[in-house]
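Novice: Next up, data.cif (mmCIF, N, CA and C atoms and all ligand atoms).
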data_input
loop_
_atom_site.label_atom_id
_atom_site.label_comp_id
_atom_site.auth_asym_id
_atom_site.auth_seq_id
_atom_site.Cartn_x
_atom_site.Cartn_y
_atom_site.Cartn_z
N MET A 763 -15.15 112.45 -53.38
CA MET A 763 -15.11 111.66 -54.62
C MET A 763 -16.49 111.09 -54.91
N SER A 764 -16.89 111.18 -56.18
CA SER A 764 -18.16 110.58 -56.55
C SER A 764 -17.94 109.66 -57.75
N TYR A 765 -18.98 108.94 -58.08
CA TYR A 765 -18.86 107.90 -59.11
C TYR A 765 -19.98 108.03 -60.14
N TYR A 766 -19.68 107.61 -61.34
CA TYR A 766 -20.64 107.67 -62.44
C TYR A 766 -20.61 106.35 -63.20
N ILE A 767 -21.72 106.05 -63.84
CA ILE A 767 -21.77 104.89 -64.73
C ILE A 767 -21.95 105.42 -66.15
N TYR A 768 -21.09 104.97 -67.06
CA TYR A 768 -21.24 105.39 -68.45
C TYR A 768 -21.83 104.26 -69.27
N GLU A 769 -22.94 104.56 -69.90
CA GLU A 769 -23.59 103.58 -70.76
C GLU A 769 -23.56 104.12 -72.18
N ASN A 770 -22.87 103.40 -73.07
CA ASN A 770 -22.73 103.81 -74.48
C ASN A 770 -23.25 102.66 -75.33
N TRP A 771 -24.37 102.90 -75.97
CA TRP A 771 -24.99 101.83 -76.75
C TRP A 771 -24.58 101.88 -78.21
N GLN A 772 -23.69 102.83 -78.59
CA GLN A 772 -23.30 102.98 -79.99
C GLN A 772 -21.96 102.32 -80.31
N ALA A 773 -21.06 102.26 -79.34
CA ALA A 773 -19.72 101.77 -79.60
C ALA A 773 -19.72 100.27 -79.88
N LYS A 774 -19.07 99.89 -80.98
CA LYS A 774 -19.06 98.48 -81.38
C LYS A 774 -18.32 97.60 -80.38
N ASP A 775 -17.29 98.17 -79.75
CA ASP A 775 -16.50 97.37 -78.83
C ASP A 775 -16.98 97.52 -77.39
N PHE A 776 -18.17 98.03 -77.25
CA PHE A 776 -18.70 98.29 -75.91
C PHE A 776 -19.03 96.97 -75.22
N ASN A 777 -18.43 96.76 -74.09
CA ASN A 777 -18.65 95.51 -73.36
C ASN A 777 -19.78 95.60 -72.35
N GLY A 778 -20.20 96.82 -72.09
CA GLY A 778 -21.25 97.02 -71.10
C GLY A 778 -20.99 98.32 -70.37
N PRO A 779 -21.96 98.75 -69.59
CA PRO A 779 -21.77 99.99 -68.83
C PRO A 779 -20.55 99.87 -67.92
N LYS A 780 -19.88 101.00 -67.70
CA LYS A 780 -18.66 100.98 -66.91
C LYS A 780 -18.70 102.06 -65.83
N ILE A 781 -18.25 101.69 -64.64
CA ILE A 781 -18.21 102.64 -63.53
C ILE A 781 -16.91 103.45 -63.59
N HIS A 782 -17.06 104.77 -63.44
CA HIS A 782 -15.90 105.67 -63.42
C HIS A 782 -15.91 106.51 -62.15
N GLN A 783 -14.72 106.98 -61.80
CA GLN A 783 -14.59 107.91 -60.69
C GLN A 783 -14.63 109.32 -61.26
N SER A 784 -15.16 110.27 -60.47
CA SER A 784 -15.42 111.61 -61.00
C SER A 784 -14.18 112.32 -61.53
N ASP A 785 -13.00 112.00 -61.02
CA ASP A 785 -11.79 112.71 -61.47
C ASP A 785 -11.12 112.02 -62.66
N CYS A 786 -11.76 111.01 -63.21
CA CYS A 786 -11.21 110.31 -64.37
C CYS A 786 -11.23 111.24 -65.58
N GLY A 787 -10.21 111.16 -66.43
CA GLY A 787 -10.13 112.02 -67.60
C GLY A 787 -11.24 111.76 -68.60
N PHE A 788 -11.75 110.55 -68.60
CA PHE A 788 -12.84 110.20 -69.50
C PHE A 788 -14.18 110.68 -68.96
N CYS A 789 -14.30 110.65 -67.64
CA CYS A 789 -15.56 110.98 -66.99
C CYS A 789 -15.73 112.48 -66.79
N GLN A 790 -14.72 113.12 -66.20
CA GLN A 790 -14.75 114.56 -65.92
C GLN A 790 -16.05 115.00 -65.26
N ASN A 791 -16.31 114.43 -64.12
CA ASN A 791 -17.51 114.76 -63.34
C ASN A 791 -18.80 114.57 -64.12
N GLY A 792 -18.83 113.52 -64.95
CA GLY A 792 -20.05 113.20 -65.66
C GLY A 792 -20.26 114.03 -66.92
N GLN A 793 -19.31 114.91 -67.24
CA GLN A 793 -19.44 115.72 -68.46
C GLN A 793 -18.93 114.96 -69.67
N GLY A 794 -18.06 114.01 -69.46
CA GLY A 794 -17.48 113.26 -70.56
C GLY A 794 -16.43 114.08 -71.28
N MET A 795 -15.88 113.51 -72.32
CA MET A 795 -14.85 114.20 -73.08
C MET A 795 -15.47 115.23 -74.01
N ILE A 796 -14.63 116.15 -74.47
CA ILE A 796 -15.13 117.25 -75.31
C ILE A 796 -15.82 116.72 -76.57
N LYS A 797 -15.31 115.61 -77.11
CA LYS A 797 -15.91 115.09 -78.33
C LYS A 797 -17.33 114.57 -78.11
N ASP A 798 -17.70 114.36 -76.85
CA ASP A 798 -19.07 113.96 -76.55
C ASP A 798 -19.97 115.20 -76.51
N ALA A 799 -19.92 115.97 -77.58
CA ALA A 799 -20.61 117.26 -77.58
C ALA A 799 -22.12 117.10 -77.54
N GLU A 800 -22.61 116.12 -78.23
CA GLU A 800 -24.05 115.93 -78.26
C GLU A 800 -24.45 114.93 -77.18
N LYS A 801 -24.84 115.47 -76.06
CA LYS A 801 -25.15 114.65 -74.90
C LYS A 801 -26.29 113.67 -75.22
N GLY A 802 -26.02 112.41 -74.91
CA GLY A 802 -27.07 111.41 -75.07
C GLY A 802 -27.16 110.78 -76.44
N LYS A 803 -26.39 111.30 -77.39
CA LYS A 803 -26.48 110.74 -78.74
C LYS A 803 -25.87 109.34 -78.80
N HIS A 804 -24.72 109.21 -78.17
CA HIS A 804 -24.03 107.92 -78.18
C HIS A 804 -24.10 107.21 -76.84
N GLY A 805 -24.21 107.98 -75.81
CA GLY A 805 -24.22 107.37 -74.49
C GLY A 805 -24.63 108.38 -73.43
N VAL A 806 -24.80 107.88 -72.23
CA VAL A 806 -25.20 108.75 -71.12
C VAL A 806 -24.36 108.44 -69.88
N TRP A 807 -24.16 109.48 -69.10
CA TRP A 807 -23.53 109.33 -67.79
C TRP A 807 -24.64 109.26 -66.76
N ILE A 808 -24.56 108.27 -65.90
CA ILE A 808 -25.56 108.10 -64.85
C ILE A 808 -24.86 108.40 -63.52
N GLY A 809 -25.44 109.30 -62.77
CA GLY A 809 -24.83 109.66 -61.51
C GLY A 809 -24.98 111.16 -61.26
N PRO A 810 -24.32 111.69 -60.27
CA PRO A 810 -23.27 111.05 -59.47
C PRO A 810 -23.81 110.15 -58.35
N PHE A 811 -22.96 109.24 -57.96
CA PHE A 811 -23.18 108.41 -56.78
C PHE A 811 -22.13 108.80 -55.75
N ASP A 812 -22.55 109.10 -54.54
CA ASP A 812 -21.60 109.53 -53.50
C ASP A 812 -20.74 108.39 -52.99
N ASP A 813 -21.20 107.17 -53.20
CA ASP A 813 -20.46 106.02 -52.68
C ASP A 813 -20.35 104.99 -53.80
N LEU A 814 -19.18 104.37 -53.91
CA LEU A 814 -18.97 103.36 -54.95
C LEU A 814 -19.99 102.24 -54.82
N GLU A 815 -20.37 101.91 -53.59
CA GLU A 815 -21.35 100.85 -53.39
C GLU A 815 -22.72 101.22 -53.97
N PHE A 816 -23.05 102.52 -53.94
CA PHE A 816 -24.33 102.96 -54.50
C PHE A 816 -24.33 102.71 -56.01
N ALA A 817 -23.20 103.02 -56.63
CA ALA A 817 -23.08 102.82 -58.08
C ALA A 817 -23.17 101.33 -58.42
N ARG A 818 -22.51 100.52 -57.60
CA ARG A 818 -22.54 99.07 -57.84
C ARG A 818 -23.95 98.53 -57.67
N GLU A 819 -24.68 99.04 -56.68
CA GLU A 819 -26.04 98.57 -56.42
C GLU A 819 -26.96 98.96 -57.58
N TYR A 820 -26.79 100.18 -58.07
CA TYR A 820 -27.57 100.63 -59.24
C TYR A 820 -27.27 99.72 -60.42
N TYR A 821 -26.00 99.46 -60.62
CA TYR A 821 -25.56 98.60 -61.73
C TYR A 821 -26.23 97.23 -61.64
N ARG A 822 -26.17 96.65 -60.46
CA ARG A 822 -26.74 95.31 -60.28
C ARG A 822 -28.23 95.26 -60.56
N THR A 823 -28.93 96.35 -60.26
CA THR A 823 -30.38 96.33 -60.43
C THR A 823 -30.83 96.78 -61.82
N HIS A 824 -29.93 97.41 -62.59
CA HIS A 824 -30.33 97.91 -63.90
C HIS A 824 -29.71 97.19 -65.09
N PHE A 825 -28.58 96.52 -64.88
CA PHE A 825 -27.88 95.88 -65.99
C PHE A 825 -27.67 94.41 -65.72
N THR A 826 -27.63 93.63 -66.79
CA THR A 826 -27.44 92.19 -66.63
C THR A 826 -25.97 91.80 -66.70
N GLU A 827 -25.12 92.70 -67.26
CA GLU A 827 -23.71 92.38 -67.39
C GLU A 827 -23.03 92.34 -66.02
N PRO A 828 -21.94 91.55 -65.93
CA PRO A 828 -21.14 91.62 -64.70
C PRO A 828 -20.59 93.04 -64.56
N ILE A 829 -20.44 93.52 -63.34
CA ILE A 829 -19.98 94.91 -63.12
C ILE A 829 -18.61 95.14 -63.70
N ILE A 830 -18.48 96.21 -64.51
CA ILE A 830 -17.20 96.61 -65.07
C ILE A 830 -16.81 97.95 -64.45
N GLU A 831 -15.59 98.01 -63.93
CA GLU A 831 -15.11 99.27 -63.36
C GLU A 831 -13.87 99.71 -64.14
N ASP A 832 -13.82 100.98 -64.49
CA ASP A 832 -12.66 101.52 -65.19
C ASP A 832 -11.46 101.45 -64.25
N SER A 833 -10.26 101.49 -64.84
CA SER A 833 -9.05 101.44 -64.02
C SER A 833 -8.91 102.68 -63.15
N CYS A 834 -9.70 103.72 -63.44
CA CYS A 834 -9.66 104.94 -62.62
C CYS A 834 -10.27 104.72 -61.23
N VAL A 835 -11.08 103.68 -61.06
CA VAL A 835 -11.75 103.44 -59.79
C VAL A 835 -10.77 102.84 -58.79
N ARG A 836 -10.57 103.58 -57.70
CA ARG A 836 -9.68 103.10 -56.64
C ARG A 836 -10.52 102.83 -55.40
N ASN A 837 -10.42 101.65 -54.90
CA ASN A 837 -11.24 101.28 -53.74
C ASN A 837 -10.66 101.85 -52.45
ZN ZN B 1 -12.59 106.24 -65.69
#
Starting from the coordinates I provided, produce the structure as structure tokens.
Specialist:
Amino acid sequence: MSYYIYENWQAKDFNGPKIHQSDCGFCQNGQGMIKDAEKGKHGVWIGPFDDLEFAREYYRTHFTEPIIEDSCVRN
């Protein structure tokens, strides 16, 4: 299992970057959903991270928001 951080700077309701697990339907191993056809236009997937802690550490050092994890993340 690996982890990704999704950062979308276009969505109005975006609360901040969110950590996803690779098997999440939204994440799909960092490829995103089919409608995200133009990579990087609205957001980017950062990763993969082999360990959830690596993703959290990256988050802490790159973003000011409190860490947000999607419900797909299982500890
Ligand atoms: Zn997810």
Novice: Using all atoms listed in the file for the distances, tell me which of A:Tyr765, A:Phe816, A:Tyr821, A:His782 is nearest to ligand ZN 1 (chain B).
Specialist: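 Result for the nearest residue to ligand ZN 1 (chain B): A:His782.
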Novice: Can you tell me which residues sit at most 7 Å away from ligand ZN 1 (chain B), counting only N, CA and C atoms and all ligand atoms, written as a short mmCIF file (atom, residue, chain, number, x, y, z; two decimals) with N, CA and C atoms, in the frame of the given file?
Specialist:
data_model
loop_
_atom_site.label_atom_id
_atom_site.label_comp_id
_atom_site.auth_asym_id
_atom_site.auth_seq_id
_atom_site.Cartn_x
_atom_site.Cartn_y
_atom_site.Cartn_z
N ILE A 781 -18.25 101.69 -64.64
CA ILE A 781 -18.21 102.64 -63.53
C ILE A 781 -16.91 103.45 -63.59
N HIS A 782 -17.06 104.77 -63.44
CA HIS A 782 -15.90 105.67 -63.42
C HIS A 782 -15.91 106.51 -62.15
N GLN A 783 -14.72 106.98 -61.80
CA GLN A 783 -14.59 107.91 -60.69
C GLN A 783 -14.63 109.32 -61.26
N ASP A 785 -13.00 112.00 -61.02
CA ASP A 785 -11.79 112.71 -61.47
C ASP A 785 -11.12 112.02 -62.66
N CYS A 786 -11.76 111.01 -63.21
CA CYS A 786 -11.21 110.31 -64.37
C CYS A 786 -11.23 111.24 -65.58
N GLY A 787 -10.21 111.16 -66.43
CA GLY A 787 -10.13 112.02 -67.60
C GLY A 787 -11.24 111.76 -68.60
N PHE A 788 -11.75 110.55 -68.60
CA PHE A 788 -12.84 110.20 -69.50
C PHE A 788 -14.18 110.68 -68.96
N CYS A 789 -14.30 110.65 -67.64
CA CYS A 789 -15.56 110.98 -66.99
C CYS A 789 -15.73 112.48 -66.79
N GLU A 831 -15.59 98.01 -63.93
CA GLU A 831 -15.11 99.27 -63.36
C GLU A 831 -13.87 99.71 -64.14
N ASP A 832 -13.82 100.98 -64.49
CA ASP A 832 -12.66 101.52 -65.19
C ASP A 832 -11.46 101.45 -64.25
N SER A 833 -10.26 101.49 -64.84
CA SER A 833 -9.05 101.44 -64.02
C SER A 833 -8.91 102.68 -63.15
N CYS A 834 -9.70 103.72 -63.44
CA CYS A 834 -9.66 104.94 -62.62
C CYS A 834 -10.27 104.72 -61.23
N VAL A 835 -11.08 103.68 -61.06
CA VAL A 835 -11.75 103.44 -59.79
C VAL A 835 -10.77 102.84 -58.79
#
Novice: Could you tell me which of A:Phe825, A:Tyr766, A:Arg836, A:Gly778 comes closest to Phe811 in chain A if we count only N, CA and C atoms?
Specialist: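 Counting only N, CA and C atoms, the residue closest to Phe811 in chain A is A:Tyr766.
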Novice: Can you measure atom N of Tyr820 in chain A to atom N of Gly802 in chain A for me? One decimal in Å is fine.
Specialist: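 Atom N of Gly802 in chain A lies 20.8 Å from atom N of Tyr820 in chain A.
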Novice: Interatomic distance between atom N of Gly809 in chain A and atom N of Phe776 in chain A?
Specialist: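 Pair atom N of Gly809 in chain A / atom N of Phe776 in chain A returns 19.7 Å.
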Novice: Quick check, in Å to one decimal: how far apart do atom C of Ala817 in chain A and atom C of Glu769 in chain A lie?
Specialist: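 Separating atom C of Ala817 in chain A from atom C of Glu769 in chain A is a distance of 14.0 Å.
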Novice: Could you list, as number ranges by chain, every residue within 6 Å of Trp807 in chain A, counting all atoms listed in the file and ignoring same-chain residues fewer than 5 positions away?
Specialist: A: 767-769, 792
